[in-house]
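Reproduced below: work38.txt, with compact mmCIF, C-alpha atoms.
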# COMPACT_ATOMS: atom_id res chain seq x y z
CA MET A 1 -9.26 -57.97 34.69
CA LYS A 2 -12.47 -56.29 35.66
CA ARG A 3 -13.83 -53.72 33.29
CA GLN A 4 -13.86 -50.26 34.83
CA LYS A 5 -17.37 -48.98 35.25
CA ARG A 6 -18.38 -45.56 34.04
CA PRO A 7 -19.77 -43.26 36.74
CA ARG A 8 -23.53 -43.40 36.96
CA ALA A 9 -25.47 -40.31 35.98
CA LEU A 10 -27.17 -38.39 38.73
CA GLY A 11 -30.45 -36.55 38.28
CA PRO A 12 -32.82 -36.14 35.31
CA VAL A 13 -31.55 -35.52 31.79
CA TRP A 14 -32.67 -31.89 31.68
CA LEU A 15 -30.79 -31.10 34.90
CA ARG A 16 -27.60 -32.76 33.65
CA TRP A 17 -27.86 -30.88 30.36
CA VAL A 18 -28.29 -27.56 32.15
CA MET A 19 -25.35 -28.36 34.45
CA PHE A 20 -23.29 -29.37 31.38
CA LEU A 21 -24.07 -26.08 29.65
CA GLY A 22 -23.46 -24.01 32.78
CA GLY A 23 -20.19 -25.79 33.52
CA SER A 24 -18.98 -25.22 29.95
CA LEU A 25 -19.73 -21.51 30.02
CA CYS A 26 -18.20 -21.05 33.48
CA MET A 27 -15.06 -22.89 32.40
CA GLY A 28 -14.91 -20.85 29.22
CA LEU A 29 -15.12 -17.63 31.21
CA ALA A 30 -12.44 -18.92 33.59
CA VAL A 31 -10.09 -19.65 30.67
CA ALA A 32 -10.79 -16.20 29.20
CA VAL A 33 -9.87 -14.54 32.51
CA ALA A 34 -6.79 -16.76 32.96
CA VAL A 35 -5.46 -15.89 29.50
CA GLN A 36 -5.83 -12.16 30.11
CA TRP A 37 -4.33 -12.58 33.58
CA VAL A 38 -1.13 -13.98 32.08
CA VAL A 39 -1.06 -11.47 29.22
CA THR A 40 -1.60 -8.37 31.38
CA GLY A 41 0.12 -9.62 34.53
CA SER A 42 -2.60 -8.39 36.85
CA LEU A 43 -6.14 -9.42 37.76
CA SER A 44 -6.95 -5.80 38.53
CA ILE A 45 -6.12 -4.88 34.91
CA VAL A 46 -8.39 -7.68 33.73
CA TRP A 47 -11.17 -6.27 35.92
CA GLU A 48 -10.64 -2.75 34.56
CA TRP A 49 -10.80 -4.16 31.03
CA PHE A 50 -14.04 -5.98 31.86
CA VAL A 51 -15.62 -2.88 33.37
CA LYS A 52 -14.69 -0.85 30.29
CA TRP A 53 -15.71 -3.46 27.69
CA PRO A 54 -17.81 -6.14 29.41
CA THR A 55 -19.12 -7.68 26.20
CA TYR A 56 -15.62 -8.48 24.95
CA LEU A 57 -14.76 -10.67 27.94
CA LEU A 58 -18.17 -12.32 27.72
CA LEU A 59 -17.70 -13.16 24.03
CA THR A 60 -14.23 -14.53 24.76
CA GLY A 61 -15.79 -16.74 27.43
CA VAL A 62 -18.43 -17.89 24.96
CA LEU A 63 -15.76 -18.83 22.40
CA TYR A 64 -13.83 -20.92 24.91
CA GLY A 65 -17.04 -22.26 26.43
CA ALA A 66 -18.30 -23.41 23.04
CA VAL A 67 -15.15 -25.45 22.51
CA VAL A 68 -15.37 -26.91 26.03
CA PHE A 69 -19.04 -27.79 25.42
CA THR A 70 -18.35 -29.46 22.05
CA LEU A 71 -15.31 -31.43 23.20
CA GLY A 72 -17.11 -32.44 26.39
CA ALA A 73 -20.00 -33.88 24.41
CA LEU A 74 -17.57 -35.67 22.08
CA LEU A 75 -15.43 -37.17 24.86
CA GLY A 76 -18.28 -37.77 27.28
CA ARG A 77 -16.38 -36.06 30.09
CA LEU A 78 -16.74 -32.34 30.64
CA TRP A 79 -13.80 -32.15 33.03
CA LEU A 80 -11.48 -33.69 30.42
CA SER A 81 -12.45 -31.15 27.76
CA ALA A 82 -11.99 -28.41 30.36
CA ILE A 83 -8.41 -29.56 30.89
CA LEU A 84 -7.67 -29.59 27.16
CA VAL A 85 -9.11 -26.13 26.51
CA GLY A 86 -7.50 -24.72 29.66
CA VAL A 87 -4.07 -25.99 28.62
CA ALA A 88 -4.55 -24.58 25.10
CA GLY A 89 -5.50 -21.17 26.51
CA LEU A 90 -2.53 -21.10 28.88
CA VAL A 91 -0.12 -22.09 26.10
CA LEU A 92 -1.54 -19.32 23.90
CA SER A 93 -1.11 -16.76 26.66
CA LEU A 94 2.44 -17.94 27.35
CA VAL A 95 3.39 -17.63 23.68
CA ASP A 96 2.05 -14.07 23.71
CA TYR A 97 3.95 -13.32 26.92
CA PHE A 98 7.22 -14.61 25.43
CA LYS A 99 6.62 -12.75 22.16
CA THR A 100 6.09 -9.51 24.06
CA ALA A 101 9.14 -10.17 26.23
CA ILE A 102 11.32 -10.81 23.16
CA ASN A 103 10.35 -7.87 20.98
CA GLY A 104 7.76 -5.72 22.76
CA THR A 105 4.90 -6.55 20.38
CA PRO A 106 1.92 -8.86 21.05
CA LEU A 107 1.11 -12.09 19.24
CA VAL A 108 -0.56 -11.71 15.84
CA LEU A 109 -1.81 -14.18 13.24
CA ALA A 110 1.25 -13.62 11.06
CA ASP A 111 3.49 -14.95 13.84
CA PHE A 112 2.11 -18.45 13.36
CA GLY A 113 4.03 -18.47 10.08
CA LEU A 114 7.19 -18.68 12.20
CA ALA A 115 6.11 -21.97 13.80
CA ALA A 116 8.74 -23.88 11.83
CA GLN A 117 11.45 -21.53 13.19
CA VAL A 118 10.35 -21.69 16.82
CA GLY A 119 13.61 -23.33 17.89
CA GLU A 120 15.69 -20.63 16.24
CA VAL A 121 13.53 -17.89 17.73
CA ALA A 122 13.93 -19.39 21.20
CA GLY A 123 17.68 -19.56 20.69
CA VAL A 124 17.86 -15.89 19.80
CA ALA A 125 15.62 -14.94 22.72
CA GLY A 126 17.78 -16.71 25.31
CA GLU A 127 16.40 -18.10 28.55
CA LEU A 128 12.67 -17.51 28.96
CA ARG A 129 10.70 -18.37 32.07
CA PRO A 130 6.94 -18.29 32.62
CA PRO A 131 5.84 -15.44 34.92
CA VAL A 132 4.39 -16.04 38.37
CA ASP A 133 0.95 -15.07 37.05
CA PHE A 134 1.10 -18.04 34.68
CA TRP A 135 1.42 -20.51 37.57
CA MET A 136 -1.27 -18.72 39.56
CA ALA A 137 -3.64 -18.82 36.59
CA MET A 138 -2.87 -22.51 36.14
CA ILE A 139 -3.74 -23.19 39.79
CA ALA A 140 -6.98 -21.25 39.42
CA LEU A 141 -7.98 -23.24 36.34
CA GLY A 142 -7.00 -26.44 38.13
CA MET A 143 -9.45 -25.57 40.89
CA CYS A 144 -12.20 -25.02 38.30
CA VAL A 145 -11.45 -28.41 36.76
CA GLY A 146 -11.53 -29.94 40.24
CA ILE A 147 -15.06 -28.63 40.74
CA LEU A 148 -16.13 -30.19 37.43
CA ILE A 149 -14.64 -33.50 38.54
CA LEU A 150 -16.60 -33.37 41.81
CA VAL A 151 -19.90 -32.77 39.99
CA ARG A 152 -19.09 -35.06 37.04
CA ARG A 153 -22.14 -37.24 37.72
CA LEU A 154 -24.34 -34.16 37.37
CA THR A 155 -22.82 -33.32 33.97
CA LEU A 156 -22.82 -36.82 32.47
CA LEU A 157 -24.58 -37.05 29.11
CA THR A 158 -25.29 -40.45 27.58
CA GLY A 159 -27.04 -42.04 24.64
CA ARG A 160 -29.18 -39.96 22.32
CA CYS A 161 -28.88 -36.85 24.51
CA ARG A 162 -25.10 -36.87 24.16
CA PHE A 163 -25.26 -37.43 20.38
CA VAL A 164 -27.79 -34.65 19.81
CA THR A 165 -25.87 -32.29 22.10
CA PHE A 166 -22.61 -32.92 20.27
CA SER A 167 -24.23 -32.46 16.83
CA VAL A 168 -25.85 -29.16 17.78
CA ALA A 169 -22.77 -27.92 19.64
CA LEU A 170 -20.48 -28.76 16.72
CA ALA A 171 -22.68 -26.84 14.29
CA LEU A 172 -22.89 -23.80 16.57
CA THR A 173 -19.15 -23.81 17.31
CA ILE A 174 -18.27 -24.04 13.62
CA GLY A 175 -20.66 -21.14 13.10
CA LEU A 176 -18.84 -19.02 15.68
CA PHE A 177 -15.59 -19.69 13.86
CA SER A 178 -16.90 -18.83 10.40
CA THR A 179 -17.07 -15.51 8.55
CA GLN A 180 -20.85 -15.24 8.73
CA GLY A 181 -20.98 -16.39 12.36
CA ALA A 182 -18.25 -13.95 13.37
CA GLN A 183 -20.14 -11.11 11.73
CA ALA A 184 -23.34 -12.05 13.59
CA ALA A 185 -21.55 -12.53 16.93
CA GLY A 186 -19.67 -9.26 16.41
CA ALA A 187 -22.95 -7.41 15.99
CA VAL A 188 -24.43 -8.93 19.16
CA PHE A 189 -21.35 -8.33 21.33
CA GLN A 190 -20.45 -4.96 19.78
CA VAL A 191 -17.20 -6.18 18.21
CA ASP A 192 -16.03 -4.30 15.13
CA VAL A 193 -15.16 -6.94 12.53
CA ASN A 194 -14.69 -4.43 9.71
CA THR A 195 -11.82 -2.17 10.83
CA ARG A 196 -8.23 -3.41 10.79
CA LEU A 197 -6.30 -2.25 13.86
CA ALA A 198 -2.64 -2.28 14.81
CA ALA A 199 -1.86 -5.29 17.01
CA ALA A 200 -1.17 -3.30 20.19
CA ASN A 201 -4.41 -1.33 19.91
CA SER A 202 -6.42 -4.43 19.05
CA HIS A 203 -5.08 -6.38 22.01
CA ASP A 204 -5.66 -3.52 24.43
CA THR A 205 -9.26 -3.24 23.30
CA TYR A 206 -10.34 -6.80 22.59
CA GLY A 207 -7.85 -8.93 24.50
CA LEU A 208 -5.55 -11.59 23.09
CA THR A 209 -8.07 -14.26 22.10
CA LEU A 210 -10.72 -11.98 20.68
CA SER A 211 -8.11 -9.95 18.81
CA LEU A 212 -6.85 -13.08 17.02
CA TRP A 213 -10.42 -14.27 16.42
CA ARG A 214 -11.58 -11.02 14.83
CA ASP A 215 -8.45 -10.82 12.67
CA CYS A 216 -9.33 -14.25 11.27
CA PHE A 217 -12.75 -13.06 10.14
CA LEU A 218 -12.32 -9.38 9.27
CA GLN A 219 -14.76 -8.45 6.53
CA ALA A 220 -13.09 -7.61 3.24
CA LYS A 221 -13.45 -4.00 2.14
CA LYS A 222 -15.13 -3.27 -1.16
CA SER A 223 -12.87 -2.00 -3.94
CA PRO A 224 -13.30 1.67 -4.91
CA GLU A 225 -15.37 2.42 -7.99
CA GLY A 226 -13.32 2.09 -11.14
CA TYR A 227 -10.53 0.16 -9.45
CA SER A 228 -8.96 -2.48 -11.67
CA GLU A 229 -5.61 -3.83 -12.78
CA ALA A 230 -5.83 -1.77 -15.99
CA TYR A 231 -6.45 1.41 -13.95
CA MET A 232 -3.41 0.76 -11.75
CA GLU A 233 -1.26 0.13 -14.83
CA GLN A 234 -2.27 3.57 -16.08
CA VAL A 235 -1.35 5.12 -12.73
CA LEU A 236 2.08 3.47 -12.73
CA ALA A 237 2.71 4.52 -16.32
CA ARG A 238 1.88 8.13 -15.45
CA ILE A 239 4.19 8.03 -12.42
CA ASP A 240 7.04 6.80 -14.63
CA GLU A 241 6.36 9.65 -17.07
CA ILE A 242 6.54 12.23 -14.27
CA LEU A 243 9.78 10.76 -12.90
CA THR A 244 11.30 10.74 -16.39
CA GLU A 245 10.34 14.38 -16.96
CA ASP A 246 11.79 15.43 -13.57
CA SER A 247 15.08 13.60 -14.16
CA ALA A 248 15.41 15.12 -17.63
CA ASP A 249 14.90 18.65 -16.34
CA ALA A 250 17.23 18.26 -13.35
CA PRO A 251 20.86 19.34 -13.87
CA ALA A 252 23.40 16.56 -13.78
CA ALA A 253 25.25 16.34 -10.48
CA ALA A 254 28.96 16.93 -10.65
CA VAL A 255 29.56 14.22 -8.07
CA GLN A 256 27.27 11.34 -7.18
CA PRO A 257 27.64 10.89 -3.43
CA ASN A 258 27.47 7.53 -1.71
CA ILE A 259 24.19 7.13 0.11
CA ILE A 260 24.32 5.07 3.30
CA VAL A 261 21.21 4.06 5.23
CA ALA A 262 21.91 2.66 8.71
CA GLN A 263 18.98 1.03 10.50
CA SER A 264 19.13 0.18 14.18
CA GLU A 265 16.20 -1.36 16.03
CA SER A 266 17.39 -0.18 19.42
CA PHE A 267 18.52 3.34 18.53
CA TYR A 268 16.80 6.36 20.04
CA ASP A 269 17.88 9.96 20.41
CA LEU A 270 17.97 10.29 24.20
CA THR A 271 18.11 14.06 24.02
CA ARG A 272 14.52 14.07 22.74
CA LEU A 273 13.27 12.87 26.14
CA PRO A 274 11.83 15.83 28.09
CA GLY A 275 13.17 16.83 31.50
CA LEU A 276 16.57 15.11 31.22
CA GLN A 277 19.89 16.93 31.48
CA TYR A 278 23.33 15.61 30.52
CA GLU A 279 26.86 16.74 31.39
CA ARG A 280 27.76 16.20 27.73
CA ASP A 281 26.00 15.14 24.57
CA PRO A 282 25.54 11.33 24.80
CA LEU A 283 25.16 11.09 21.01
CA GLU A 284 27.70 13.61 19.79
CA ASN A 285 28.78 11.47 16.80
CA PHE A 286 25.20 11.05 15.64
CA HIS A 287 24.45 14.75 16.04
CA ALA A 288 27.64 15.63 14.14
CA LEU A 289 26.54 13.46 11.22
CA GLU A 290 23.08 14.95 11.47
CA SER A 291 24.43 18.51 11.19
CA GLU A 292 26.65 17.71 8.22
CA GLY A 293 24.00 16.07 6.03
CA ILE A 294 20.31 15.96 5.27
CA SER A 295 18.39 14.79 8.31
CA GLY A 296 14.94 14.67 9.77
CA THR A 297 12.49 12.57 11.76
CA PHE A 298 11.33 9.33 10.18
CA HIS A 299 8.02 8.13 11.62
CA SER A 300 7.55 4.37 11.73
CA HIS A 301 4.24 2.57 12.10
CA TYR A 302 5.85 0.02 14.39
CA LEU A 303 6.76 0.04 18.05
CA GLY A 304 9.32 -2.41 19.34
CA TYR A 305 11.15 -5.18 17.53
CA GLY A 306 10.23 -6.34 14.03
CA THR A 307 13.15 -6.24 11.60
CA GLY A 308 11.42 -7.29 8.40
CA TYR A 309 8.38 -5.15 9.10
CA LEU A 310 10.42 -2.04 9.79
CA GLU A 311 12.52 -2.58 6.68
CA MET A 312 9.44 -3.19 4.54
CA SER A 313 7.82 -0.04 5.90
CA MET A 314 10.85 2.10 5.18
CA LEU A 315 11.96 0.63 1.86
CA TYR A 316 8.54 0.07 0.32
CA GLY A 317 6.27 2.53 2.12
CA ILE A 318 3.74 -0.14 3.12
CA THR A 319 2.88 -1.75 6.44
CA GLU A 320 1.36 -5.03 7.61
CA LEU A 321 -2.05 -3.32 7.62
CA ASP A 322 -1.86 -3.25 3.83
CA PHE A 323 -1.93 -7.07 3.73
CA GLY A 324 -4.27 -9.69 5.09
CA ALA A 325 -4.22 -10.16 8.86
CA GLY A 326 -2.50 -13.54 8.65
CA THR A 327 0.17 -12.51 6.13
CA ASN A 328 3.74 -12.64 7.36
CA ILE A 329 5.38 -10.06 5.12
CA CYS A 330 8.82 -11.50 5.82
CA PHE A 331 7.89 -14.61 3.86
CA LEU A 332 6.54 -13.17 0.63
CA GLU A 333 7.85 -14.67 -2.60
CA ASP A 334 10.00 -12.87 -5.16
CA ASP A 335 7.11 -12.05 -7.45
CA ALA A 336 5.33 -10.21 -4.62
CA TYR A 337 8.29 -7.89 -4.08
CA GLU A 338 8.58 -7.26 -7.79
CA LYS A 339 5.17 -5.57 -7.73
CA PHE A 340 6.59 -2.69 -5.66
CA ASP A 341 9.28 -0.12 -6.32
CA ALA A 342 11.67 -0.14 -3.39
CA LEU A 343 13.48 3.00 -2.30
CA PRO A 344 16.92 1.78 -3.55
CA GLU A 345 15.39 1.17 -6.99
CA GLN A 346 14.95 4.92 -7.45
CA TYR A 347 18.76 5.11 -7.45
CA THR A 348 19.67 1.89 -9.25
CA LYS A 349 17.60 3.12 -12.20
CA SER A 350 19.87 6.16 -12.48
CA GLY A 351 23.41 4.85 -12.30
CA TYR A 352 23.69 3.62 -8.70
CA ARG A 353 24.51 0.14 -7.49
CA ALA A 354 22.72 -1.02 -4.31
CA GLU A 355 24.30 -3.31 -1.75
CA MET A 356 22.99 -4.51 1.60
CA LEU A 357 24.77 -5.70 4.71
CA HIS A 358 22.98 -7.33 7.63
CA GLY A 359 24.34 -8.15 11.05
CA TYR A 360 22.67 -11.56 11.30
CA ASN A 361 22.34 -14.75 9.26
CA ASP A 362 19.52 -15.97 7.03
CA SER A 363 18.05 -18.49 9.47
CA LEU A 364 15.14 -16.20 10.35
CA TYR A 365 12.75 -13.98 8.44
CA ASN A 366 13.77 -15.12 4.93
CA ARG A 367 16.34 -12.32 4.74
CA THR A 368 17.95 -13.25 1.42
CA VAL A 369 14.68 -12.95 -0.50
CA THR A 370 13.44 -10.03 1.56
Would it be possible to restate this file's structure as C-alpha cells?
Amino acid sequence: MKRQKRPRALGPVWLRWVMFLGGSLCMGLAVAVAVQWVVTGSLSIVWEWFVKWPTYLLLTGVLYGAVVFTLGALLGRLWLSAILVGVAGLVLSLVDYFKTAINGTPLVLADFGLAAQVGEVAGVAGELRPPVDFWMAMIALGMCVGILILVRRLTLLTGRCRFVTFSVALALTIGLFSTQGAQAAGAVFQVDVNTRLAAANSHDTYGLTLSLWRDCFLQAKKSPEGYSEAYMEQVLARIDEILTEDSADAPAAAVQPNIIVAQSESFYDLTRLPGLQYERDPLENFHALESEGISGTFHSHYLGYGTGYLEMSMLYGITELDFGAGTNICFLEDDAYEKFDALPEQYTKSGYRAEMLHGYNDSLYNRTVT
C-alpha cells in the first residue's frame, strides 16, 4: 500500500497563520450564529439580538473560535476541528430546544446533573423532532466547513509553527474558560459576571452559550460584615423563641382542621385573563373552594415546568438563585434539607402529621429524598 501524502502547504508561513486565525474566528462566529438560530427559531431574531448587544455575539464567536483554533492546531486540520466544534454547538442548541419544548424553560447548568436520566426524560417527553431551523443551520455550517476544506492548503501549519501555535492557543483558551479569564473577557465585552440572573432573562440577554459560560464563572459575592455560622445560630434561636411565645399566647383551637395543599404545574385561573368572556364559570369548583376557605395569590419565581424547583420554592421559601449556578436542587442530600425548616414542619411541631402523595414515580428528580 502506498502511504497517503499530506497536502502540501501553500504560501508563506505568516500567510497560512493569518488564514488559520481568520478561518477559526469566522467558523466560531458561524457556530455562534447557528446555535442562536436553532434556539430562537429565526435569523431575524438573531440579527435583532446582535444589533442590541453586538459584543455578546462577538464574544460567543471568540469562545467557539478559540476552541476551533486550538483543536485545529492539535489535529493539524482546521476543517476537522471546525466539524467537531460545529457538531458540539448544534447538539447543545438541540438540547436547549428540546428542554424548552418539554417544559418551557431554557437549558441551565443544573440540567447537566440529569445526564444520567436522559433516557427517562426522553421517555416522559414523548416523540421529539429537530426543528427545520436545525437542519438549515447544519447546512449553513456545512458550507462553512466546505470553504475551509477548499482552502486547507492555505491554513496548513506544520513543524515548529504548529507546535508554538497550539501551545499559545491552549494557554489562551484555558484562560478564557477560567475564573480570572472570564472576569477579564467580561470587562472587555461588557458582560456582567457578577449578577446572577434567572435563566430566561440570562438567555434573552446573553444567548445560550454565553449564558452558560458566565454562569460557570460568576464571581462569588462577599459575605456581609459580621456574617458567620455563630451569628446564624443566634438568629435561628431567636426565631424559635418568637414562635414559642406566639404559640403560647394563642388560644387552643377547638378543632384542628386538615390542611391540604394541592399543587398543579398546569393549573391557571382562566378568568384572570383580560378581555375573555365565558357563558359559565369554567372553574366553578375551584372558585367554590376558594370562597369557602382562606385563599390568595401565590407568586412563584418560576415560569413553566420544574416540579422540584416549584416545590422547593413553596415549601422552603428559597429558589435556585440561592444556590450555585450549577446546583441541581432536586439532587441535594438529606443533610442539606435538614438545614431548612419546611412549611409542613411548622405544623408537625405542633401536633400534626404530614403526608405527601405524588402522581409520578421516583425515577426522576430524586423525589423520595426531596
Would you work out the distance separating CA of Tyr316 (chain A) from CA of Leu343 (chain A), expressed in Å to one decimal?
6.3 Å
Per-residue nearest contacts of region 70-99 of chain A to region 145-160 of chain A (8 Å; all atoms listed in the file) as a tab-separated table:
residue	atom	partner	partner_atom	distance
A:Ala73	CA	A:Leu157	CA	7.3
A:Gly76	CA	A:Leu157	CA	6.6
A:Arg77	CA	A:Leu156	CA	6.9
A:Leu78	CA	A:Thr155	CA	7.0
A:Trp79	CA	A:Leu148	CA	5.4
A:Ala82	CA	A:Val145	CA	6.4
A:Ile83	CA	A:Val145	CA	6.7
Separating CA of Leu15 (chain A) from CA of Ser81 (chain A), to the nearest tenth of an Å, is a gap of 19.7 Å
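In terms of minimum interatomic distance to Trp14 (chain A), A:Thr165 ranks closest within A:Thr297, A:Thr165, A:Thr60, A:Thr40, counting all atoms listed in the file.
CA of Glu225 (chain A) lies 28.4 Å from CA of Met312 (chain A).
Taking only C-alpha atoms into account, Ala185 (chain A) lies nearest to A:Val62 out of the set A:Ile329, A:Val13, A:Val62, A:Leu289.
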If we count only C-alpha atoms and set the cut-off at 10 Å, which residues sit around region 26-35 of chain A, ignoring sequence neighbours fewer than 2 positions away in its own chain? Please answer as a PyMOL selection string.
chain A and resi 20-24+37-41+43+46-47+50+57-69+78-79+81-83+85-94+96+133-134+136-141+144-145+148+207-210
Can you write just those residues out, C-alpha atoms, as a compact mmCIF listing (two decimals), in the frame of the given file?
# COMPACT_ATOMS: atom_id res chain seq x y z
CA PHE A 20 -23.29 -29.37 31.38
CA LEU A 21 -24.07 -26.08 29.65
CA GLY A 22 -23.46 -24.01 32.78
CA GLY A 23 -20.19 -25.79 33.52
CA SER A 24 -18.98 -25.22 29.95
CA TRP A 37 -4.33 -12.58 33.58
CA VAL A 38 -1.13 -13.98 32.08
CA VAL A 39 -1.06 -11.47 29.22
CA THR A 40 -1.60 -8.37 31.38
CA GLY A 41 0.12 -9.62 34.53
CA LEU A 43 -6.14 -9.42 37.76
CA VAL A 46 -8.39 -7.68 33.73
CA TRP A 47 -11.17 -6.27 35.92
CA PHE A 50 -14.04 -5.98 31.86
CA LEU A 57 -14.76 -10.67 27.94
CA LEU A 58 -18.17 -12.32 27.72
CA LEU A 59 -17.70 -13.16 24.03
CA THR A 60 -14.23 -14.53 24.76
CA GLY A 61 -15.79 -16.74 27.43
CA VAL A 62 -18.43 -17.89 24.96
CA LEU A 63 -15.76 -18.83 22.40
CA TYR A 64 -13.83 -20.92 24.91
CA GLY A 65 -17.04 -22.26 26.43
CA ALA A 66 -18.30 -23.41 23.04
CA VAL A 67 -15.15 -25.45 22.51
CA VAL A 68 -15.37 -26.91 26.03
CA PHE A 69 -19.04 -27.79 25.42
CA LEU A 78 -16.74 -32.34 30.64
CA TRP A 79 -13.80 -32.15 33.03
CA SER A 81 -12.45 -31.15 27.76
CA ALA A 82 -11.99 -28.41 30.36
CA ILE A 83 -8.41 -29.56 30.89
CA VAL A 85 -9.11 -26.13 26.51
CA GLY A 86 -7.50 -24.72 29.66
CA VAL A 87 -4.07 -25.99 28.62
CA ALA A 88 -4.55 -24.58 25.10
CA GLY A 89 -5.50 -21.17 26.51
CA LEU A 90 -2.53 -21.10 28.88
CA VAL A 91 -0.12 -22.09 26.10
CA LEU A 92 -1.54 -19.32 23.90
CA SER A 93 -1.11 -16.76 26.66
CA LEU A 94 2.44 -17.94 27.35
CA ASP A 96 2.05 -14.07 23.71
CA ASP A 133 0.95 -15.07 37.05
CA PHE A 134 1.10 -18.04 34.68
CA MET A 136 -1.27 -18.72 39.56
CA ALA A 137 -3.64 -18.82 36.59
CA MET A 138 -2.87 -22.51 36.14
CA ILE A 139 -3.74 -23.19 39.79
CA ALA A 140 -6.98 -21.25 39.42
CA LEU A 141 -7.98 -23.24 36.34
CA CYS A 144 -12.20 -25.02 38.30
CA VAL A 145 -11.45 -28.41 36.76
CA LEU A 148 -16.13 -30.19 37.43
CA GLY A 207 -7.85 -8.93 24.50
CA LEU A 208 -5.55 -11.59 23.09
CA THR A 209 -8.07 -14.26 22.10
CA LEU A 210 -10.72 -11.98 20.68
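Closest approach to Tyr56 (chain A) from the set A:Arg214, A:Arg129, A:His287, A:Arg238 is made by A:Arg214, with distances taken over all atoms listed in the file.
Taking all atoms listed in the file into account, those protein, DNA and RNA residues with any atom at most 12 Å away from (-19.1, -2.4, 16.9) amount to A:Trp53, A:Thr55, A:Tyr56, A:Gln183, A:Ala184, A:Ala185, A:Gly186, A:Ala187, A:Val188, A:Phe189, A:Gln190, A:Val191, A:Asp192, A:Val193, A:Asn194, A:Thr195, A:Thr205, A:Tyr206, A:Arg214.
Candidate residues A:Leu197, A:Val51, A:Cys216, A:Ile318 were compared for distance to Ala182 (chain A), and the nearest is A:Cys216, using all atoms listed in the file.
Nearest to Gly104 (chain A) of all the residues A:Val18, A:Ala200, A:Leu212, A:Leu310 is A:Ala200, based on only C-alpha atoms.
Take the candidates A:Gly142, A:Ser42, A:Tyr268, A:Ala199 and check each one against Thr100 (chain A) using all atoms listed in the file; the shortest distance goes to A:Ala199.
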Missing atoms in region 139-153 of chain A need filling: write out N, CA and C atoms for it as a PDB file, in the frame of the given file.
ATOM      1  N   ILE A 139      -3.138 -22.675  38.554  1.00  0.00           N
ATOM      2  CA  ILE A 139      -3.740 -23.190  39.790  1.00  0.00           C
ATOM      3  C   ILE A 139      -5.231 -22.869  39.834  1.00  0.00           C
ATOM      4  N   ALA A 140      -5.572 -21.647  39.415  1.00  0.00           N
ATOM      5  CA  ALA A 140      -6.980 -21.250  39.420  1.00  0.00           C
ATOM      6  C   ALA A 140      -7.799 -22.118  38.474  1.00  0.00           C
ATOM      7  N   LEU A 141      -7.271 -22.374  37.276  1.00  0.00           N
ATOM      8  CA  LEU A 141      -7.980 -23.240  36.340  1.00  0.00           C
ATOM      9  C   LEU A 141      -8.043 -24.665  36.851  1.00  0.00           C
ATOM     10  N   GLY A 142      -6.991 -25.101  37.534  1.00  0.00           N
ATOM     11  CA  GLY A 142      -7.000 -26.440  38.130  1.00  0.00           C
ATOM     12  C   GLY A 142      -8.114 -26.586  39.158  1.00  0.00           C
ATOM     13  N   MET A 143      -8.359 -25.540  39.916  1.00  0.00           N
ATOM     14  CA  MET A 143      -9.450 -25.570  40.890  1.00  0.00           C
ATOM     15  C   MET A 143     -10.805 -25.660  40.191  1.00  0.00           C
ATOM     16  N   CYS A 144     -10.945 -24.952  39.070  1.00  0.00           N
ATOM     17  CA  CYS A 144     -12.200 -25.020  38.300  1.00  0.00           C
ATOM     18  C   CYS A 144     -12.424 -26.416  37.755  1.00  0.00           C
ATOM     19  N   VAL A 145     -11.348 -27.034  37.256  1.00  0.00           N
ATOM     20  CA  VAL A 145     -11.450 -28.410  36.760  1.00  0.00           C
ATOM     21  C   VAL A 145     -11.803 -29.359  37.897  1.00  0.00           C
ATOM     22  N   GLY A 146     -11.221 -29.113  39.074  1.00  0.00           N
ATOM     23  CA  GLY A 146     -11.530 -29.940  40.240  1.00  0.00           C
ATOM     24  C   GLY A 146     -13.008 -29.915  40.592  1.00  0.00           C
ATOM     25  N   ILE A 147     -13.617 -28.743  40.474  1.00  0.00           N
ATOM     26  CA  ILE A 147     -15.060 -28.630  40.740  1.00  0.00           C
ATOM     27  C   ILE A 147     -15.853 -29.453  39.735  1.00  0.00           C
ATOM     28  N   LEU A 148     -15.442 -29.396  38.452  1.00  0.00           N
ATOM     29  CA  LEU A 148     -16.130 -30.190  37.430  1.00  0.00           C
ATOM     30  C   LEU A 148     -15.973 -31.681  37.671  1.00  0.00           C
ATOM     31  N   ILE A 149     -14.830 -32.079  38.204  1.00  0.00           N
ATOM     32  CA  ILE A 149     -14.640 -33.500  38.540  1.00  0.00           C
ATOM     33  C   ILE A 149     -15.574 -33.916  39.670  1.00  0.00           C
ATOM     34  N   LEU A 150     -15.734 -33.056  40.660  1.00  0.00           N
ATOM     35  CA  LEU A 150     -16.600 -33.370  41.810  1.00  0.00           C
ATOM     36  C   LEU A 150     -18.056 -33.515  41.389  1.00  0.00           C
ATOM     37  N   VAL A 151     -18.485 -32.725  40.404  1.00  0.00           N
ATOM     38  CA  VAL A 151     -19.900 -32.770  39.990  1.00  0.00           C
ATOM     39  C   VAL A 151     -20.049 -33.520  38.666  1.00  0.00           C
ATOM     40  N   ARG A 152     -19.073 -34.383  38.336  1.00  0.00           N
ATOM     41  CA  ARG A 152     -19.090 -35.060  37.040  1.00  0.00           C
ATOM     42  C   ARG A 152     -20.356 -35.892  36.815  1.00  0.00           C
ATOM     43  N   ARG A 153     -20.922 -36.442  37.886  1.00  0.00           N
ATOM     44  CA  ARG A 153     -22.140 -37.240  37.720  1.00  0.00           C
ATOM     45  C   ARG A 153     -23.344 -36.371  37.362  1.00  0.00           C
TER      46      ARG A 153
END
